[in-house]
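For reference, my_file18.txt (compact mmCIF, C-alpha atoms and all ligand atoms):
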# COMPACT_ATOMS: atom_id res chain seq x y z
CA MET T 1067 93.61 114.73 6.82
CA ASN T 1068 90.49 112.84 5.80
CA PHE T 1069 87.85 112.81 3.10
CA PHE T 1070 84.78 113.68 5.19
CA GLU T 1071 83.93 117.20 4.07
CA VAL T 1072 81.06 119.66 3.99
CA ARG T 1073 79.68 120.31 0.50
CA ASP T 1074 76.49 122.20 -0.34
CA GLY T 1075 75.51 122.42 3.30
CA GLU T 1076 75.94 118.80 4.24
CA LEU T 1077 78.61 116.29 5.22
CA TRP T 1078 79.94 113.98 2.51
CA CYS T 1079 82.26 111.00 2.52
CA GLU T 1080 84.36 111.41 -0.63
CA ASP T 1081 81.74 111.91 -3.38
CA VAL T 1082 78.79 110.43 -1.52
CA PRO T 1083 76.51 112.45 0.77
CA LEU T 1084 76.21 110.72 4.15
CA ARG T 1085 72.47 111.45 4.08
CA ARG T 1086 72.12 109.12 1.09
CA ILE T 1087 73.79 106.26 2.96
CA ALA T 1088 71.60 106.87 6.00
CA GLU T 1089 68.47 106.76 3.84
CA GLU T 1090 69.48 103.69 1.84
CA VAL T 1091 71.21 101.56 4.49
CA GLY T 1092 69.58 102.90 7.64
CA THR T 1093 71.20 104.03 10.88
CA PRO T 1094 73.25 103.51 12.93
CA VAL T 1095 75.91 102.67 10.36
CA TYR T 1096 79.68 102.97 10.11
CA VAL T 1097 80.96 104.67 6.97
CA TYR T 1098 84.60 104.31 5.88
CA SER T 1099 86.53 106.26 3.28
CA THR T 1100 88.84 104.33 0.96
CA ALA T 1101 90.82 107.45 0.01
CA THR T 1102 91.50 108.18 3.68
CA LEU T 1103 92.63 104.63 4.44
CA GLU T 1104 94.92 104.66 1.41
CA ARG T 1105 96.33 108.05 2.24
CA HIS T 1106 97.05 107.21 5.87
CA TYR T 1107 98.76 103.96 4.97
CA THR T 1108 100.95 105.47 2.26
CA VAL T 1109 101.87 108.53 4.35
CA PHE T 1110 102.96 106.25 7.20
CA ARG T 1111 104.94 103.92 4.91
CA ASP T 1112 106.56 106.74 2.94
CA ALA T 1113 107.60 108.57 6.10
CA PHE T 1114 110.39 105.99 6.43
CA ALA T 1115 111.57 106.11 2.79
CA PRO T 1116 114.08 105.21 1.46
CA ARG T 1117 114.14 102.63 4.23
CA LYS T 1118 111.80 99.72 3.46
CA VAL T 1119 109.71 98.91 6.48
CA LEU T 1120 107.03 96.31 7.10
CA VAL T 1121 103.89 98.22 8.02
CA ALA T 1122 101.77 95.55 9.68
CA TYR T 1123 98.39 97.25 10.09
CA ALA T 1124 96.84 96.37 13.47
CA VAL T 1125 93.80 94.35 12.41
CA LYS T 1126 92.16 94.79 15.81
CA SER T 1127 91.56 98.50 15.14
CA ASN T 1128 89.24 97.80 12.22
CA SER T 1129 89.06 94.25 10.98
CA ASN T 1130 86.45 94.57 8.24
CA LEU T 1131 87.57 92.41 5.30
CA SER T 1132 87.11 95.20 2.76
CA VAL T 1133 89.18 97.55 4.90
CA LEU T 1134 91.88 94.89 5.15
CA ARG T 1135 91.77 94.20 1.41
CA THR T 1136 92.03 97.94 0.64
CA LEU T 1137 95.26 98.08 2.67
CA ALA T 1138 96.57 94.69 1.49
CA LYS T 1139 96.31 95.87 -2.12
CA LEU T 1140 98.79 98.61 -1.23
CA GLY T 1141 101.17 96.03 0.22
CA ALA T 1142 100.27 96.40 3.88
CA GLY T 1143 101.06 93.58 6.27
CA ALA T 1144 98.88 92.69 9.25
CA ASP T 1145 99.49 92.68 12.98
CA THR T 1146 97.17 90.00 14.38
CA VAL T 1147 96.32 88.82 17.89
CA SER T 1148 94.20 85.73 17.36
CA GLU T 1149 93.66 82.86 14.95
CA GLY T 1150 90.54 84.71 13.80
CA GLU T 1151 92.56 87.79 12.88
CA ILE T 1152 95.16 85.70 11.03
CA ARG T 1153 92.31 84.10 9.08
CA ARG T 1154 90.87 87.53 8.30
CA ALA T 1155 94.24 88.81 7.09
CA LEU T 1156 94.72 85.77 4.85
CA ALA T 1157 91.16 86.04 3.51
CA ALA T 1158 91.83 89.68 2.66
CA GLY T 1159 94.91 88.72 0.67
CA VAL T 1160 97.71 89.60 3.09
CA ARG T 1161 100.73 87.40 2.37
CA PRO T 1162 101.76 85.18 5.32
CA ASP T 1163 105.26 86.64 5.20
CA ARG T 1164 103.72 90.02 6.04
CA ILE T 1165 101.69 88.79 9.02
CA VAL T 1166 102.85 89.41 12.59
CA PHE T 1167 101.27 87.39 15.41
CA SER T 1168 101.17 89.20 18.76
CA GLY T 1169 99.31 88.70 22.03
CA VAL T 1170 99.85 87.74 25.66
CA GLY T 1171 97.92 84.49 25.70
CA LYS T 1172 98.21 82.54 22.48
CA THR T 1173 96.77 79.04 22.77
CA ARG T 1174 98.46 75.86 21.53
CA ARG T 1175 95.98 75.71 18.69
CA GLU T 1176 96.61 79.32 17.69
CA LEU T 1177 100.39 78.87 17.78
CA ALA T 1178 100.12 75.73 15.64
CA PHE T 1179 97.94 77.58 13.17
CA ALA T 1180 100.43 80.46 12.92
CA VAL T 1181 103.34 78.05 12.46
CA GLU T 1182 101.49 76.16 9.72
CA VAL T 1183 100.55 79.36 7.94
CA GLY T 1184 104.19 80.46 8.13
CA VAL T 1185 103.68 83.95 9.51
CA SER T 1186 106.51 86.43 9.33
CA GLU T 1187 107.09 86.59 13.10
CA ILE T 1188 105.49 85.33 16.27
CA ASN T 1189 105.99 87.84 19.07
CA VAL T 1190 106.69 85.73 22.14
CA GLU T 1191 105.60 87.43 25.34
CA SER T 1192 106.71 85.03 28.10
CA GLU T 1193 108.83 81.96 28.89
CA PRO T 1194 105.84 79.57 29.17
CA GLU T 1195 104.78 80.72 25.73
CA LEU T 1196 108.30 80.12 24.40
CA ASP T 1197 108.25 76.58 25.78
CA LEU T 1198 104.81 75.90 24.34
CA LEU T 1199 105.83 77.22 20.93
CA SER T 1200 108.96 75.07 20.95
CA GLU T 1201 106.81 72.00 21.64
CA VAL T 1202 104.33 72.91 18.92
CA ALA T 1203 107.11 73.56 16.40
CA GLU T 1204 108.76 70.26 17.20
CA VAL T 1205 105.53 68.35 16.58
CA LEU T 1206 105.11 70.18 13.27
CA ASP T 1207 108.80 69.78 12.47
CA ALA T 1208 109.03 73.52 11.84
CA ARG T 1209 111.30 76.38 12.89
CA PRO T 1210 109.12 79.49 13.24
CA ALA T 1211 110.62 82.97 13.22
CA ILE T 1212 110.12 84.64 16.58
CA THR T 1213 110.76 87.98 18.21
CA PHE T 1214 110.59 88.64 21.93
CA ARG T 1215 108.15 91.27 23.05
CA VAL T 1216 109.93 93.34 25.63
CA ASN T 1217 108.21 95.51 28.18
CA PRO T 1218 110.44 98.58 28.24
CA ASP T 1219 108.98 99.89 31.52
CA VAL T 1220 108.08 103.28 30.09
CA SER T 1221 104.95 105.19 30.97
CA ALA T 1222 103.28 106.41 27.79
CA GLY T 1223 100.48 108.51 29.22
CA GLY T 1224 97.06 108.07 27.68
CA HIS T 1225 94.23 106.14 29.30
CA ALA T 1226 95.31 103.53 31.89
CA LYS T 1227 93.28 100.84 30.14
CA ILE T 1228 95.30 101.15 26.93
CA SER T 1229 98.78 101.74 28.33
CA THR T 1230 100.93 98.61 27.99
CA GLY T 1231 104.56 99.51 28.48
CA LYS T 1232 104.99 99.58 32.27
CA SER T 1233 106.49 96.61 34.04
CA ASP T 1234 103.30 96.10 36.07
CA ASN T 1235 101.28 95.58 32.86
CA LYS T 1236 100.71 92.03 31.65
CA PHE T 1237 102.69 92.49 28.43
CA GLY T 1238 106.12 91.22 27.46
CA VAL T 1239 109.33 90.25 29.23
CA SER T 1240 111.96 92.44 30.90
CA PHE T 1241 115.25 93.29 29.20
CA SER T 1242 117.24 90.78 31.23
CA GLU T 1243 114.64 88.07 30.56
CA ALA T 1244 114.78 88.89 26.86
CA GLU T 1245 118.54 88.30 26.82
CA ARG T 1246 118.26 84.99 28.70
CA LEU T 1247 115.37 83.78 26.51
CA TYR T 1248 117.11 84.85 23.30
CA ALA T 1249 119.98 82.56 24.23
CA LYS T 1250 117.59 79.76 25.14
CA ALA T 1251 115.70 80.09 21.84
CA SER T 1252 118.90 80.29 19.82
CA ALA T 1253 119.93 76.93 21.22
CA ASP T 1254 116.57 75.38 20.30
CA PRO T 1255 116.55 73.63 16.90
CA HIS T 1256 112.84 74.38 16.53
CA LEU T 1257 112.98 78.13 17.08
CA ASN T 1258 114.42 80.87 14.93
CA PRO T 1259 114.83 84.10 16.94
CA ILE T 1260 115.02 87.00 14.49
CA GLY T 1261 114.56 90.03 16.69
CA VAL T 1262 112.85 91.93 19.47
CA SER T 1263 109.65 93.93 19.65
CA CYS T 1264 107.80 96.39 21.87
CA HIS T 1265 104.48 98.23 21.96
CA ILE T 1266 104.04 100.72 24.77
CA GLY T 1267 100.44 101.83 24.39
CA SER T 1268 97.87 103.43 22.18
CA GLN T 1269 96.74 106.98 21.37
CA ILE T 1270 100.20 108.30 22.15
CA THR T 1271 100.62 111.98 21.35
CA ASP T 1272 104.00 112.63 22.98
CA LEU T 1273 107.07 111.20 21.28
CA GLY T 1274 109.17 111.41 24.47
CA PRO T 1275 108.17 108.04 25.93
CA MET T 1276 108.44 106.41 22.52
CA ALA T 1277 111.97 107.71 22.01
CA GLU T 1278 112.84 106.51 25.52
CA ALA T 1279 111.49 103.02 24.81
CA PHE T 1280 113.12 102.81 21.37
CA THR T 1281 116.48 103.89 22.81
CA LYS T 1282 116.25 101.04 25.33
CA MET T 1283 115.33 98.65 22.51
CA ARG T 1284 118.35 99.76 20.50
CA GLY T 1285 120.53 99.01 23.51
CA LEU T 1286 119.05 95.53 23.71
CA VAL T 1287 119.72 94.84 20.01
CA GLU T 1288 123.32 95.97 20.49
CA ARG T 1289 123.84 93.84 23.60
CA LEU T 1290 122.39 90.76 21.91
CA ARG T 1291 124.60 91.31 18.87
CA ALA T 1292 127.64 91.82 21.09
CA SER T 1293 126.86 88.43 22.65
CA GLY T 1294 127.05 86.91 19.16
CA PHE T 1295 123.37 86.57 18.35
CA ASN T 1296 121.85 87.32 15.00
CA VAL T 1297 119.23 90.11 15.47
CA PRO T 1298 118.08 91.23 12.04
CA ARG T 1299 114.72 92.68 13.06
CA LEU T 1300 113.28 95.32 15.39
CA ASP T 1301 109.49 95.66 15.71
CA LEU T 1302 108.50 98.97 17.30
CA GLY T 1303 104.77 98.28 17.63
CA GLY T 1304 101.94 100.74 17.02
CA GLY T 1305 100.54 103.44 19.23
CA LEU T 1306 100.81 106.69 17.30
CA GLY T 1307 97.68 108.69 18.13
CA ALA T 1308 94.98 110.12 15.90
CA PRO T 1309 93.47 113.61 16.32
CA TYR T 1310 90.25 113.51 18.36
CA PHE T 1311 90.16 117.29 18.94
CA ASP T 1312 90.02 117.15 22.77
CA SER T 1313 93.77 117.00 23.35
CA PRO T 1314 96.94 118.11 21.57
CA ASP T 1315 97.17 116.73 18.05
CA PRO T 1316 99.57 113.80 17.74
CA PRO T 1317 102.72 114.26 15.68
CA GLU T 1318 102.56 113.59 11.94
CA PRO T 1319 104.00 110.25 10.80
CA SER T 1320 106.96 112.14 9.26
CA VAL T 1321 107.85 113.61 12.67
CA TYR T 1322 107.43 110.20 14.30
CA ALA T 1323 109.65 108.62 11.61
CA ALA T 1324 112.31 111.30 12.12
CA ALA T 1325 112.31 110.55 15.87
CA VAL T 1326 112.71 106.82 15.14
CA GLU T 1327 115.56 107.44 12.71
CA LYS T 1328 117.29 109.71 15.24
CA VAL T 1329 117.23 106.97 17.89
CA LEU T 1330 118.32 104.29 15.44
CA ALA T 1331 120.98 106.28 13.54
CA GLY T 1332 123.73 103.96 12.36
CA LEU T 1333 121.92 100.77 13.41
CA ASP T 1334 121.42 98.39 10.51
CA VAL T 1335 118.14 96.65 11.24
CA GLU T 1336 114.88 95.70 9.46
CA LEU T 1337 112.02 97.70 10.97
CA VAL T 1338 108.45 96.56 11.57
CA PHE T 1339 105.57 98.78 12.74
CA GLU T 1340 102.09 97.81 13.91
CA PRO T 1341 99.99 100.96 13.46
CA GLY T 1342 96.22 100.68 13.79
CA ARG T 1343 94.46 103.83 14.89
CA VAL T 1344 96.62 106.25 12.92
CA ILE T 1345 95.48 104.49 9.75
CA SER T 1346 91.85 103.67 10.48
CA ALA T 1347 90.50 106.16 13.06
CA ASN T 1348 89.95 109.16 10.84
CA ALA T 1349 88.84 106.97 7.96
CA GLY T 1350 85.50 106.22 9.59
CA VAL T 1351 82.43 107.81 11.16
CA LEU T 1352 79.46 106.38 12.97
CA LEU T 1353 76.35 107.83 11.40
CA SER T 1354 73.37 108.01 13.70
CA ARG T 1355 69.89 109.53 13.71
CA VAL T 1356 68.33 111.58 16.49
CA ILE T 1357 65.36 109.73 17.98
CA HIS T 1358 64.24 112.68 20.05
CA VAL T 1359 65.33 115.47 22.33
CA HIS T 1360 64.28 115.01 25.90
CA GLU T 1361 64.46 118.05 28.12
CA ARG T 1362 64.22 117.39 31.83
CA PRO T 1363 62.65 120.02 34.04
CA GLU T 1364 65.89 120.20 36.08
CA GLY T 1365 67.52 121.62 33.00
CA ARG T 1366 69.41 118.79 31.32
CA ARG T 1367 68.83 118.36 27.62
CA PHE T 1368 69.29 114.79 26.34
CA LEU T 1369 69.88 114.12 22.67
CA VAL T 1370 68.75 110.50 22.30
CA VAL T 1371 70.30 108.98 19.18
CA ASP T 1372 69.85 105.54 17.62
CA GLY T 1373 73.54 104.64 18.00
CA ALA T 1374 74.56 103.30 21.40
CA MET T 1375 77.43 102.00 23.51
CA ASN T 1376 77.12 98.59 21.85
CA ASP T 1377 77.97 100.27 18.51
CA LEU T 1378 80.70 102.60 19.82
CA VAL T 1379 81.88 101.70 23.31
CA ARG T 1380 84.92 104.00 23.57
CA PRO T 1381 83.18 106.85 25.45
CA ALA T 1382 81.65 104.43 27.98
CA MET T 1383 84.81 102.39 28.36
CA TYR T 1384 87.60 104.96 28.25
CA ASP T 1385 85.74 108.27 28.62
CA ALA T 1386 86.87 108.82 25.05
CA PHE T 1387 85.95 111.98 23.19
CA HIS T 1388 84.41 111.81 19.70
CA ASP T 1389 83.60 115.00 17.86
CA ILE T 1390 79.88 114.99 16.94
CA ARG T 1391 78.94 116.81 13.76
CA PRO T 1392 75.45 117.44 12.43
CA VAL T 1393 75.23 116.03 8.90
CA THR T 1394 73.26 119.06 7.74
CA THR T 1395 75.24 122.23 8.31
CA PRO T 1396 73.35 124.44 10.81
CA ARG T 1397 72.19 127.81 9.54
CA GLN T 1398 74.58 130.67 10.16
CA GLY T 1399 74.23 132.23 13.57
CA ALA T 1400 72.38 129.24 15.05
CA ASN T 1401 72.72 129.28 18.82
CA LEU T 1402 74.64 126.43 20.37
CA ALA T 1403 73.10 124.57 23.29
CA ALA T 1404 74.51 122.02 25.73
CA TYR T 1405 73.35 118.45 25.13
CA ASP T 1406 74.00 115.16 26.86
CA VAL T 1407 74.25 112.80 23.89
CA VAL T 1408 72.99 109.36 24.85
CA GLY T 1409 71.98 106.07 23.24
CA PRO T 1410 68.88 103.98 23.94
CA ILE T 1411 70.61 101.30 26.06
CA CYS T 1412 69.29 100.72 29.55
CA GLU T 1413 72.24 101.96 31.57
CA THR T 1414 73.66 105.36 32.35
CA GLY T 1415 77.00 104.28 30.91
CA ASP T 1416 75.38 104.59 27.50
CA THR T 1417 76.33 108.25 27.37
CA PHE T 1418 78.56 109.56 24.58
CA CYS T 1419 79.17 112.92 26.23
CA ARG T 1420 77.74 115.44 28.67
CA ASP T 1421 77.20 119.15 28.13
CA ARG T 1422 78.41 119.08 24.53
CA GLU T 1423 77.78 122.37 22.74
CA LEU T 1424 75.84 121.57 19.57
CA PRO T 1425 73.61 123.50 17.19
CA PRO T 1426 69.84 122.93 17.48
CA LEU T 1427 68.98 119.32 16.66
CA ASP T 1428 65.67 117.59 16.44
CA SER T 1429 64.13 114.20 15.94
CA GLY T 1430 65.13 112.75 12.53
CA ASP T 1431 68.34 114.79 12.20
CA LEU T 1432 71.56 112.95 11.37
CA VAL T 1433 74.79 113.25 13.33
CA ALA T 1434 78.23 111.79 12.65
CA PHE T 1435 80.53 110.59 15.41
CA MET T 1436 83.90 111.45 13.92
CA THR T 1437 87.20 109.56 14.16
CA ALA T 1438 85.29 106.34 14.78
CA GLY T 1439 87.03 104.10 12.22
CA ALA T 1440 89.36 102.59 14.84
CA TYR T 1441 88.06 100.47 17.73
CA GLY T 1442 84.49 101.35 16.75
CA SER T 1443 82.78 98.54 14.88
CA ALA T 1444 85.65 96.27 15.92
CA MET T 1445 84.45 96.53 19.53
CA SER T 1446 80.73 96.49 18.78
CA SER T 1447 78.32 93.94 20.20
CA GLU T 1448 74.65 92.99 20.14
CA TYR T 1449 74.01 94.10 23.72
CA ASN T 1450 70.31 94.77 24.31
CA THR T 1451 69.69 92.54 21.26
CA ARG T 1452 70.50 95.39 18.96
CA PRO T 1453 71.55 94.14 15.52
CA LEU T 1454 75.30 94.35 14.96
CA VAL T 1455 75.96 97.76 13.41
CA PRO T 1456 76.48 97.57 9.63
CA GLU T 1457 79.52 98.90 7.79
CA VAL T 1458 79.76 100.75 4.48
CA LEU T 1459 82.87 101.43 2.42
CA VAL T 1460 82.93 104.45 0.12
CA LYS T 1461 85.22 104.83 -2.86
CA GLY T 1462 84.77 107.98 -4.93
CA ASP T 1463 81.11 108.25 -5.84
CA SER T 1464 80.31 104.58 -5.05
CA TYR T 1465 79.62 102.81 -1.83
CA ALA T 1466 79.15 99.19 -0.81
CA VAL T 1467 77.66 97.59 2.28
CA VAL T 1468 80.65 95.59 3.49
CA ARG T 1469 78.96 94.19 6.59
CA PRO T 1470 75.17 94.09 6.36
CA ARG T 1471 72.93 94.65 9.33
CA PRO T 1472 71.71 91.20 10.42
CA THR T 1473 67.97 90.61 10.44
CA TYR T 1474 66.26 89.66 13.69
CA GLU T 1475 65.54 86.26 12.17
CA GLU T 1476 69.28 85.73 11.55
CA MET T 1477 70.12 86.82 15.07
CA LEU T 1478 67.62 84.47 16.69
CA ALA T 1479 68.46 81.56 14.39
CA ARG T 1480 72.04 81.54 15.73
CA GLU T 1481 70.80 80.23 19.08
CA PRO T 1482 69.44 76.69 18.90
CA LEU T 1483 67.30 75.85 21.91
CA ALA T 1484 68.70 73.21 24.24
CA PRO T 1485 67.17 69.86 23.16
CA TRP T 1486 65.37 69.39 26.51
CA LEU T 1487 63.51 72.67 26.03
N1 LIG G 1 100.39 96.29 18.41
C1 LIG G 1 99.96 95.74 19.56
C2 LIG G 1 100.71 94.64 20.14
C3 LIG G 1 98.81 96.26 20.19
O1 LIG G 1 98.40 95.73 21.35
C4 LIG G 1 98.11 97.34 19.61
C5 LIG G 1 96.90 97.88 20.24
C6 LIG G 1 98.58 97.86 18.39
C7 LIG G 1 99.73 97.31 17.83
C8 LIG G 1 97.89 98.98 17.68
O2 LIG G 1 97.90 100.15 18.43
P1 LIG G 1 97.41 101.52 17.76
O3 LIG G 1 98.38 101.87 16.67
O4 LIG G 1 96.05 101.32 17.20
O5 LIG G 1 97.43 102.49 18.86
N2 LIG G 1 90.46 99.77 22.29
C9 LIG G 1 91.35 100.86 22.64
C10 LIG G 1 92.72 100.69 22.04
C11 LIG G 1 93.38 99.39 22.40
C12 LIG G 1 94.73 99.20 21.77
C13 LIG G 1 95.21 97.81 21.99
N3 LIG G 1 96.44 97.49 21.36
C14 LIG G 1 90.71 102.18 22.22
O6 LIG G 1 89.59 102.18 21.71
O7 LIG G 1 91.29 103.23 22.42
Is it possible to express this structure as structure tokens?
Ligand code: LLP
Amino acid sequence: MNFFEVRDGELWCEDVPLRRIAEEVGTPVYVYSTATLERHYTVFRDAFAPRKVLVAYAVKSNSNLSVLRTLAKLGAGADTVSEGEIRRALAAGVRPDRIVFSGVGKTRRELAFAVEVGVSEINVESEPELDLLSEVAEVLDARPAITFRVNPDVSAGGHAKISTGKSDNKFGVSFSEAERLYAKASADPHLNPIGVSCHIGSQITDLGPMAEAFTKMRGLVERLRASGFNVPRLDLGGGLGAPYFDSPDPPEPSVYAAAVEKVLAGLDVELVFEPGRVISANAGVLLSRVIHVHERPEGRRFLVVDGAMNDLVRPAMYDAFHDIRPVTTPRQGANLAAYDVVGPICETGDTFCRDRELPPLDSGDLVAFMTAGAYGSAMSSEYNTRPLVPEVLVKGDSYAVVRPRPTYEEMLAREPLAPWL
């Protein structure tokens, strides 16, 4: 559920009409709903009650500081994949002991930063990384808590570019490697192995592969314990899908939690999750204005909007589907027509969808790309020298610009000319 609703013939975010934001801030613009973020976080956390779990929100899905602070105020942790994301989480008020540091290629500098900050766990993904971390920890005279990210060799469906859990993906170590490395780390005075982790992919709507992976992870915890190692923690990653309306709806967090509990019945272990999309996707829309409708004589009808692939790259990159809703409710009985919805960028890839059935739309009309709160602004760029898309956070009947649109002067001033020019 989310708090983008039609009232009096137009689309609102909580108690603010989207039209007002478009007029006052301009388009394209991302609009996020505080109530939706809060609801998604608490529903996910409470699905595991009475068990206390660390819900480390995946910062990469939407890393806006106000979004992070909204979640941090509810006690959320942060799953981070770079020094920049750790800095964001800290700046938003996430306690270091609730920060998870993941990623396949952490640099020496990033590892040192995480060790100094004292994050809750560093998810080690390979032996070279383990060796590097040991070196870094020795220099800093520290003993960071680590988990091993295991690649459970499970195919989780979804788009190939976001599936991570097969053994031919770049992520994590195999089960046998995990056991060998756990022993190696346990013997290292500068490492403190506290568990194992996995993350098999994103936008997962079928719990089967998850249950399969988690069952294998349980087996690993049991084998490690039987070998005498202390394994207090199991991090099961993120990946639960959000509804995009073009495929079966993903299971509710309560159903997901029940599946986790079934696999883990009787296993005493601290659980960590790294959900991103399920919390942020439905909490945001990309609001865009129609520039014009261009009908080609061959019959295609292009709806050219002012948002583009640099603002929301998911359709171009993963053929992702985003529901497109007119901000003003069409009159009853309006005939639908097929549009190709495109942005102004100079490549054909800048196409949000083809042959989408939409009510009549014209230049100046507003449309909302739904379910755009995750991997939307976070993946935006200035391609075509388009100003980085601004972000607005709504709470009740108020809104704030939480990332302003840069001016052209600011954009150009970031690039000093080479001194010989
Ligand atoms: N943990 C790790 C280690 C991850 O790599 C990811 C996402 C997550 C957690 C959060 O996954 P989520 O709960 O959001 O599914 N840009 C793509 C999605 C990439 C996901 C990358 N990893 C998209 O727009 O669909």
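Closest approach to Phe1418 (chain T) from the set T:Leu1432, T:Val1379, T:Leu1454, T:Ala1279 is made by T:Val1379, with distances taken over only C-alpha atoms.
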Å distance separating CA of Ala1144 (chain T) from CA of Lys1126 (chain T), one decimal place: 9.6 Å
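Taking CA of Met1375 (chain T) and CA of Ala1122 (chain T) as endpoints, the distance between them is 28.7 Å.
When CA of Ala1178 (chain T) is paired with CA of Lys1232 (chain T), their separation reads 29.5 Å.
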Ligand LIG 1 (chain G) neighbours within 8 Å using all atoms listed in the file, as number ranges by chain: T: 1123-1124, 1126-1127, 1145, 1147, 1168-1169, 1227-1228, 1230, 1264-1265, 1267-1270, 1303-1307, 1339-1345, 1379-1380, 1384, 1386, 1440-1442, 1445
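The shortest atom-to-atom distance to Pro1470 (chain T), with only C-alpha atoms taken into account, belongs to T:Asn1130 out of T:Asn1450, T:Asn1130, T:Thr1271, T:Ser1346.
The residue set within 9 Å of Ile1087 (chain T), counting all atoms listed in the file and dropping same-chain residues fewer than 3 places from it, reads Val1082, Pro1083, Leu1084, Glu1090, Val1091, Gly1092, Thr1093, Val1095, Val1097, Leu1353, Val1458 and Tyr1465 of chain T.
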Within-10 Å shell of (71.9, 102.3, 18.0) in input frame, only C-alpha atoms, as a VMD selection string: chain T and resid 1093 to 1095 1352 to 1355 1357 1370 to 1378 1408 to 1411 1448 1450 1452 to 1455
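With all atoms listed in the file as the atoms that count, the minimum distance from Leu1103 (chain T) to the choices T:Lys1236, T:Arg1480, T:Arg1154, T:Lys1139 is reached by T:Lys1139.
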Closest of T:Ala1484, T:Val1356, T:Val1460, T:Val1183 to Asp1428 (chain T) - atom-to-atom distances counting all atoms listed in the file: T:Val1356
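With all atoms listed in the file as the basis for measurement, T:Gly1238 is the residue among T:Pro1316, T:Gly1238, T:Gly1143, T:Gly1231 that approaches Val1190 (chain T) most closely.
For the set T:Leu1120, T:Ala1323, T:Asn1128, T:Leu1156, the residue with the smallest atom-to-atom gap to Gly1141 (chain T) is T:Leu1120, counting all atoms listed in the file.
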With 3 Å added on each side, what axis-aligned box encloses every listed atom of region 1289-1297 of chain T? Give the centre and edge lengths in Å to one decimal, as lines of an AutoDock Vina configuration file.
center_x = 123.4
center_y = 90.2
center_z = 19.3
size_x = 14.4
size_y = 13.3
size_z = 14.6
Close residues, region 1389-1403 of chain T itself excluded, 8 Å, only C-alpha atoms, min 5 positions apart in chain, as a count of residues only: 21
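Taking all atoms listed in the file, the non-local environment of Phe1167 (chain T) within 8 Å (same-chain residues fewer than 6 positions away omitted) comprises Asp1145, Thr1146, Val1147, Ser1148, Ile1152, Ala1180, Val1185, Glu1187, Ile1188 and Asn1189 of chain T.
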Output file for the residues above (C-alpha atoms, as a JSON list (two decimals), in the frame of the given file):
[["chain", "number", "residue", "atom", "x", "y", "z"],
["T", 1145, "ASP", "CA", 99.49, 92.68, 12.98],
["T", 1146, "THR", "CA", 97.17, 90.00, 14.38],
["T", 1147, "VAL", "CA", 96.32, 88.82, 17.89],
["T", 1148, "SER", "CA", 94.20, 85.73, 17.36],
["T", 1152, "ILE", "CA", 95.16, 85.70, 11.03],
["T", 1180, "ALA", "CA", 100.43, 80.46, 12.92],
["T", 1185, "VAL", "CA", 103.68, 83.95, 9.51],
["T", 1187, "GLU", "CA", 107.09, 86.59, 13.10],
["T", 1188, "ILE", "CA", 105.49, 85.33, 16.27],
["T", 1189, "ASN", "CA", 105.99, 87.84, 19.07]]
Who sits within 7 Å of region 1170-1173 of chain T, all atoms listed in the file, same chain under 3 positions skipped, as a ChimeraX atom specification: /T:1176-1177,1191,1237
All residues 7 Å or closer to region 1284-1288 of chain T, only C-alpha atoms, same chain fewer than 3 positions away omitted, as a list in words: Phe1280, Thr1281, Arg1291, Ala1292, Val1297 and Leu1330 of chain T
